[in-house]
>>> print(open('query_33.txt').read())   # compact mmCIF, C-alpha atoms and all ligand atoms
# COMPACT_ATOMS: atom_id res chain seq x y z
CA MET G 1 10.20 -15.14 5.66
CA LEU G 2 13.36 -13.08 5.13
CA ARG G 3 16.47 -13.92 3.16
CA VAL G 4 19.46 -11.62 2.85
CA GLU G 5 21.91 -12.78 0.21
CA GLY G 6 25.41 -11.37 -0.08
CA ILE G 7 24.53 -7.75 0.57
CA CYS G 8 27.23 -5.13 0.21
CA LYS G 9 27.10 -1.48 1.21
CA SER G 10 29.90 1.06 1.06
CA PHE G 11 30.11 4.58 2.48
CA ASP G 12 32.57 6.47 0.32
CA ARG G 13 35.20 3.78 0.00
CA PHE G 14 34.56 2.11 3.30
CA ASN G 15 32.85 -1.29 3.05
CA ALA G 16 30.35 -1.43 5.91
CA LEU G 17 28.79 -4.60 4.49
CA CYS G 18 30.66 -6.97 2.21
CA GLY G 19 28.63 -10.06 1.50
CA ALA G 20 26.39 -10.48 4.57
CA ASP G 21 23.91 -13.38 4.57
CA LEU G 22 20.96 -13.96 6.87
CA HIS G 23 17.75 -15.94 6.91
CA VAL G 24 14.79 -15.61 9.24
CA ASP G 25 12.06 -18.24 9.38
CA SER G 26 8.48 -17.34 10.22
CA GLY G 27 7.64 -17.19 13.94
CA LYS G 28 11.28 -17.28 15.06
CA ILE G 29 13.42 -14.93 17.14
CA VAL G 30 16.74 -14.36 15.40
CA ALA G 31 19.60 -12.34 16.91
CA VAL G 32 22.49 -10.68 15.16
CA ILE G 33 25.64 -10.19 17.21
CA GLY G 34 29.03 -8.74 16.43
CA PRO G 35 31.40 -6.04 17.67
CA ASN G 36 30.68 -2.32 17.28
CA GLY G 37 31.02 -1.37 13.64
CA ALA G 38 30.36 -4.93 12.40
CA GLY G 39 27.54 -3.65 10.19
CA LYS G 40 24.46 -4.74 12.17
CA SER G 41 22.58 -1.43 12.00
CA THR G 42 23.59 -0.93 8.37
CA MET G 43 22.21 -4.35 7.48
CA PHE G 44 18.91 -3.55 9.24
CA LYS G 45 18.72 -0.27 7.33
CA VAL G 46 19.27 -2.12 4.05
CA ILE G 47 16.52 -4.62 4.94
CA THR G 48 14.08 -1.80 5.76
CA GLY G 49 14.99 0.18 2.63
CA HIS G 50 16.71 3.11 4.37
CA TRP G 51 19.90 2.26 2.47
CA LYS G 52 20.09 0.76 -1.02
CA PRO G 53 22.62 -2.09 -1.15
CA ASP G 54 25.49 -1.85 -3.67
CA GLY G 55 25.22 -5.59 -4.25
CA GLY G 56 23.30 -8.67 -3.18
CA ARG G 57 19.59 -8.89 -2.54
CA VAL G 58 16.92 -9.01 0.14
CA LEU G 59 13.92 -11.31 -0.29
CA PHE G 60 10.81 -10.98 1.88
CA ARG G 61 8.44 -13.93 1.53
CA GLY G 62 10.23 -14.81 -1.70
CA GLU G 63 9.94 -11.35 -3.22
CA PRO G 64 12.95 -9.09 -3.87
CA ILE G 65 12.45 -5.86 -1.90
CA SER G 66 15.77 -3.99 -2.06
CA SER G 67 14.54 -1.64 -4.77
CA LEU G 68 11.48 -0.60 -2.72
CA SER G 69 11.18 2.53 -0.53
CA PRO G 70 11.07 2.24 3.30
CA HIS G 71 7.38 3.02 3.16
CA GLN G 72 6.66 0.26 0.61
CA ILE G 73 8.70 -2.23 2.65
CA CYS G 74 6.77 -1.22 5.77
CA ARG G 75 3.52 -1.91 3.93
CA LYS G 76 4.80 -5.39 3.01
CA GLY G 77 5.01 -6.09 6.76
CA ILE G 78 8.47 -5.16 8.04
CA SER G 79 8.73 -2.64 10.87
CA MET G 80 11.76 -1.41 12.79
CA ALA G 81 12.39 0.22 16.16
CA PHE G 82 15.63 2.18 16.11
CA GLN G 83 18.61 2.09 18.44
CA ILE G 84 17.85 5.60 19.66
CA VAL G 85 14.49 6.37 21.24
CA ASN G 86 12.37 8.19 18.70
CA ILE G 87 9.07 9.31 20.22
CA PHE G 88 7.09 12.56 20.54
CA ASN G 89 8.00 13.64 24.09
CA ARG G 90 5.17 16.09 24.61
CA MET G 91 2.40 13.84 23.36
CA THR G 92 0.78 11.21 25.53
CA VAL G 93 1.61 7.54 25.20
CA PHE G 94 -1.80 7.03 23.61
CA GLU G 95 -1.31 9.87 21.10
CA ASN G 96 2.11 8.56 20.06
CA VAL G 97 0.69 5.17 19.09
CA GLN G 98 -2.52 6.61 17.67
CA ALA G 99 -0.57 8.96 15.40
CA ALA G 100 1.42 6.01 14.09
CA VAL G 101 -1.71 3.94 13.48
CA LEU G 102 -3.41 6.83 11.68
CA SER G 103 -0.43 7.70 9.55
CA HIS G 104 -0.17 4.08 8.43
CA ARG G 105 -3.89 3.97 7.62
CA ARG G 106 -3.78 7.26 5.76
CA GLN G 107 -1.06 5.84 3.59
CA ALA G 108 -3.56 3.11 2.77
CA GLY G 109 -5.67 5.84 1.17
CA LYS G 110 -8.40 6.32 3.77
CA ILE G 111 -9.76 9.71 4.80
CA PHE G 112 -10.63 10.69 8.35
CA ARG G 113 -12.82 13.41 9.85
CA SER G 114 -11.97 13.51 13.54
CA ALA G 115 -8.52 12.09 14.16
CA SER G 116 -8.72 12.19 17.95
CA LYS G 117 -11.53 9.63 18.03
CA MET G 118 -10.04 7.41 15.37
CA ALA G 119 -8.32 4.11 15.87
CA VAL G 120 -8.96 4.18 19.63
CA GLY G 121 -9.63 0.45 19.73
CA GLN G 122 -6.55 -0.54 17.79
CA THR G 123 -4.36 1.90 19.73
CA MET G 124 -5.52 0.54 23.08
CA GLU G 125 -5.08 -3.02 21.82
CA ILE G 126 -1.44 -2.29 20.96
CA LEU G 127 -0.83 -0.57 24.31
CA GLU G 128 -2.39 -3.57 26.05
CA SER G 129 -0.18 -6.00 24.15
CA VAL G 130 3.02 -4.23 25.28
CA GLY G 131 1.79 -3.60 28.84
CA LEU G 132 1.44 0.20 28.56
CA ARG G 133 -2.35 0.37 28.83
CA GLU G 134 -2.25 1.96 32.29
CA ARG G 135 0.21 4.59 31.08
CA ALA G 136 -1.92 5.60 28.07
CA GLY G 137 -2.58 9.10 29.44
CA CYS G 138 1.01 9.83 30.53
CA ILE G 139 3.16 12.36 28.68
CA ALA G 140 5.67 10.22 26.78
CA GLY G 141 8.66 12.31 27.87
CA THR G 142 7.94 11.56 31.54
CA LEU G 143 8.14 7.76 31.12
CA SER G 144 11.13 5.82 32.41
CA TYR G 145 13.76 5.05 29.77
CA GLY G 146 12.65 1.41 29.64
CA ASP G 147 9.02 2.38 29.08
CA GLN G 148 10.06 4.83 26.34
CA LYS G 149 11.80 1.97 24.51
CA VAL G 150 8.68 -0.18 24.95
CA LEU G 151 6.60 2.71 23.60
CA GLU G 152 8.84 2.77 20.57
CA MET G 153 8.18 -0.90 20.12
CA ALA G 154 4.44 -0.17 20.33
CA ILE G 155 4.84 2.45 17.58
CA ALA G 156 6.65 -0.11 15.42
CA LEU G 157 3.75 -2.53 16.02
CA SER G 158 1.18 0.02 14.86
CA THR G 159 1.68 -1.01 11.23
CA ARG G 160 0.78 -4.60 12.17
CA PRO G 161 4.10 -5.99 10.95
CA LYS G 162 4.87 -9.64 10.29
CA LEU G 163 8.55 -9.05 10.94
CA LEU G 164 9.65 -6.71 13.73
CA ILE G 165 13.27 -5.54 13.67
CA LEU G 166 14.77 -4.20 16.90
CA ASP G 167 18.13 -2.47 16.95
CA GLU G 168 19.57 -2.98 20.45
CA PRO G 169 16.19 -3.08 22.22
CA THR G 170 17.64 -3.28 25.74
CA ALA G 171 20.54 -0.84 25.33
CA GLY G 172 20.70 1.43 28.39
CA MET G 173 18.02 -0.52 30.27
CA SER G 174 18.29 -1.57 33.90
CA PRO G 175 18.28 -5.35 34.59
CA GLU G 176 14.58 -5.08 35.58
CA GLU G 177 13.67 -3.20 32.41
CA THR G 178 15.67 -5.72 30.37
CA ALA G 179 13.69 -8.59 31.91
CA VAL G 180 10.39 -6.86 31.05
CA CYS G 181 11.53 -6.22 27.48
CA THR G 182 12.72 -9.83 27.04
CA GLY G 183 9.40 -11.15 28.33
CA LEU G 184 7.61 -8.85 25.94
CA ILE G 185 9.54 -10.08 22.89
CA ARG G 186 8.83 -13.70 23.91
CA ARG G 187 5.13 -12.99 24.40
CA LEU G 188 4.74 -11.11 21.10
CA THR G 189 6.17 -14.04 19.15
CA ALA G 190 4.27 -16.70 21.10
CA GLU G 191 0.86 -14.96 21.20
CA ASN G 192 0.81 -12.74 18.13
CA GLY G 193 2.81 -14.95 15.77
CA LEU G 194 5.28 -12.14 15.25
CA THR G 195 8.73 -12.87 13.83
CA VAL G 196 11.55 -10.89 15.47
CA LEU G 197 15.01 -9.97 14.23
CA PHE G 198 17.18 -8.04 16.67
CA CYS G 199 20.75 -7.14 17.48
CA GLU G 200 22.05 -6.90 20.98
CA HIS G 201 25.27 -6.73 22.98
CA ASN G 202 23.95 -8.61 26.01
CA ILE G 203 25.16 -12.12 25.12
CA GLU G 204 23.36 -13.90 27.95
CA LEU G 205 20.09 -12.35 26.78
CA VAL G 206 20.83 -13.32 23.18
CA LEU G 207 21.63 -16.92 24.11
CA SER G 208 18.45 -17.29 26.18
CA LEU G 209 16.03 -15.49 23.87
CA SER G 210 17.01 -16.49 20.34
CA ASP G 211 16.04 -19.46 18.22
CA GLU G 212 19.03 -18.69 16.00
CA ILE G 213 22.01 -16.36 16.15
CA MET G 214 23.89 -14.81 13.27
CA VAL G 215 27.39 -13.58 14.06
CA MET G 216 28.92 -10.87 11.93
CA GLN G 217 32.27 -9.18 11.80
CA GLY G 218 33.67 -6.67 9.37
CA GLY G 219 30.45 -6.58 7.33
CA LYS G 220 30.43 -10.35 6.77
CA THR G 221 28.52 -13.28 8.21
CA ILE G 222 30.69 -15.67 10.21
CA ILE G 223 27.98 -18.15 11.11
CA GLN G 224 24.23 -18.51 11.59
CA ASP G 225 23.03 -21.39 13.72
CA ILE G 226 21.20 -22.36 16.91
CA PRO G 227 22.64 -20.77 20.12
CA GLU G 228 24.44 -23.91 21.30
CA ALA G 229 26.22 -24.36 17.97
CA VAL G 230 27.23 -20.68 17.93
CA ARG G 231 28.53 -20.95 21.49
CA GLN G 232 30.67 -23.95 20.49
CA SER G 233 31.92 -22.53 17.19
CA PRO G 234 35.72 -22.13 17.09
CA ALA G 235 35.37 -19.42 14.42
CA VAL G 236 33.09 -17.38 16.70
CA ARG G 237 35.31 -17.84 19.72
CA GLU G 238 38.29 -16.64 17.77
CA ALA G 239 36.59 -13.73 16.04
CA TYR G 240 34.23 -12.47 18.66
CA LEU G 241 34.01 -14.13 22.04
CA GLY G 242 37.76 -13.80 22.49
CA GLY G 243 39.56 -17.13 22.47
CA ALA G 244 39.32 -20.27 24.58
CA PRO G 245 36.13 -21.43 26.39
N1 LIG E 1 26.07 6.87 7.23
C1 LIG E 1 27.31 6.39 7.33
N2 LIG E 1 28.36 7.02 6.75
C2 LIG E 1 29.61 6.53 6.87
N3 LIG E 1 29.94 5.42 7.52
C3 LIG E 1 28.94 4.74 8.13
C4 LIG E 1 27.58 5.18 8.08
N4 LIG E 1 26.82 4.32 8.78
C5 LIG E 1 27.66 3.38 9.25
N5 LIG E 1 28.93 3.62 8.87
C6 LIG E 1 30.10 2.80 9.18
O1 LIG E 1 29.83 1.47 8.84
C7 LIG E 1 30.33 0.56 9.81
C8 LIG E 1 29.20 -0.30 10.33
O2 LIG E 1 28.35 0.52 11.14
P1 LIG E 1 27.05 -0.05 11.84
O3 LIG E 1 26.23 -0.78 10.84
O4 LIG E 1 26.42 1.07 12.54
O5 LIG E 1 27.69 -1.10 12.87
P2 LIG E 1 27.03 -1.79 14.14
O6 LIG E 1 25.58 -1.47 14.16
O7 LIG E 1 27.33 -3.25 13.98
O8 LIG E 1 27.78 -1.23 15.32
C9 LIG E 1 30.99 1.41 10.89
O9 LIG E 1 32.38 1.43 10.67
C10 LIG E 1 30.38 2.78 10.68
O10 LIG E 1 31.28 3.79 11.04
MG MG E 2 24.38 -0.45 15.55
>>> encode(input="query_33.txt", output="structure tokens", more="lines below")
Ligand SMILES: Nc1ncnc2c1ncn2[C@@H]1O[C@H](COP(=O)(O)OP(=O)(O)O)[C@@H](O)[C@H]1O
Ligand SMILES: [Mg+2]
Amino acid sequence: MLRVEGICKSFDRFNALCGADLHVDSGKIVAVIGPNGAGKSTMFKVITGHWKPDGGRVLFRGEPISSLSPHQICRKGISMAFQIVNIFNRMTVFENVQAAVLSHRRQAGKIFRSASKMAVGQTMEILESVGLRERAGCIAGTLSYGDQKVLEMAIALSTRPKLLILDEPTAGMSPEETAVCTGLIRRLTAENGLTVLFCEHNIELVLSLSDEIMVMQGGKTIIQDIPEAVRQSPAVREAYLGGAP
């Protein structure tokens, strides 16, 4: 579904990415791990078109996409939830998702008369799928931190993506919230056929949730393999997990 080949990205003279590779097969959950500053978020922003790479290419379903705008890439079926919660605090949960659904549809060239009654079915369907149906009428800013992150995931789902990218989905979550979020990612891939690419510092979560793990350091890919192989890899132990087993 997604293939990242040797992408490079510099900020001034600093090389944030220098030849990172990644592949994501359809229906899989793939994690990216690596120390702070490894280039994970930058790579996600290159994939979603927020940064243009200086070199290398990104293929989505066989088609090169790195010259497209974020909006065009979103329309192809890639959606991202950011590391920092990014919702409208004063709007309800329902309105947050509805606004996202409508804005995506409007970009498809449709015209609406009464926005408040539009897309109610699809909005409720999305809220149901992430477990926020009962909170639909709540003001978004009053939700718990975990629920706000889930709401952001719901907003990312409003474009009906094929590939969902999550930048540190459980950062700042309590263990209970983390468990809910993990269950949600599993369910979305199993039931909705979604493909998920995420980065995360919680290694236990990564090892239990992912079909494959890509390890990066210094803007480069060290390895991509199944969790057990990554766990055993001497290169990973040395570079990232910190020495002997
Ligand atoms: N907009 C930017 N301008 C300058 N440097 C940046 C910018 N974004 C990221 N960087 C640098 O690129 C490196 C990789 O950052 P990032 O992709 O955020 O790492 P990660 O997500 O793995 O922690 C870091 O050293 C960071 O300081
Ligand atoms: Mg980051």
>>> closest_atom_pairs(input="query_33.txt", of="chain G", to="ligand MG 2 (chain E)", cutoff="8 Å", atoms="all atoms listed in the file", output="tab-separated table")
residue	atom	partner	partner_atom	distance
G:Asn36	CA	E:MG2	MG	6.8
G:Gly37	CA	E:MG2	MG	7.0
G:Gly39	CA	E:MG2	MG	7.0
G:Lys40	CA	E:MG2	MG	5.5
G:Ser41	CA	E:MG2	MG	4.1
G:Thr42	CA	E:MG2	MG	7.2
G:Gln83	CA	E:MG2	MG	6.9
G:Asp167	CA	E:MG2	MG	6.7
G:Glu168	CA	E:MG2	MG	7.3
G:Cys199	CA	E:MG2	MG	7.9
>>> residues_around(input="query_33.txt", residues="segment 96-103 of chain G", least_positions_apart="5", cutoff="10 Å", atoms="all atoms listed in the file", output="PyMOL selection string")
chain G and resi 87-91+108+110-112+115-124+126-127+136+139-140+151-160
>>> atom_distance(input="query_33.txt", atom1="atom CA of Gly34 of chain G", atom2="atom CA of His50 of chain G")
20.9 Å
>>> atom_distance(input="query_33.txt", atom1="atom CA of Ala81 of chain G", atom2="atom CA of Ile222 of chain G")
25.0 Å
>>> axis_aligned_box(input="query_33.txt", around="ligand LIG 1 (chain E)", padding_each_side="3 Å", output="JSON")
{"center_x": 29.0, "center_y": 1.9, "center_z": 11.0, "size_x": 12.8, "size_y": 16.3, "size_z": 14.6}
>>> atom_distance(input="query_33.txt", atom1="atom CA of Glu212 of chain G", atom2="atom CA of Gly183 of chain G")
17.4 Å
>>> closest_residue(input="query_33.txt", among="G:Asn86, G:Thr92, G:Asn15, G:Thr178", to="ligand LIG 1 (chain E)", atoms="all atoms listed in the file")
G:Asn15
>>> closest_residue(input="query_33.txt", among="G:Arg186, G:Lys9, G:Arg57, G:Arg75", to="ligand LIG 1 (chain E)", atoms="only C-alpha atoms and all ligand atoms")
G:Lys9
>>> closest_residue(input="query_33.txt", among="G:Asp12, G:Glu95, G:Glu128, G:Glu177", to="ligand LIG 1 (chain E)", atoms="only C-alpha atoms and all ligand atoms")
G:Asp12
>>> residues_around(input="query_33.txt", residues="Ala38 of chain G", least_positions_apart="2", cutoff="8 Å", atoms="only C-alpha atoms", output="ChimeraX atom specification")
/G:16,34-36,40,216-220
>>> closest_residue(input="query_33.txt", among="G:Ala229, G:Ile47, G:Ala20, G:Val130", to="Ser66 of chain G", atoms="only C-alpha atoms")
G:Ile47
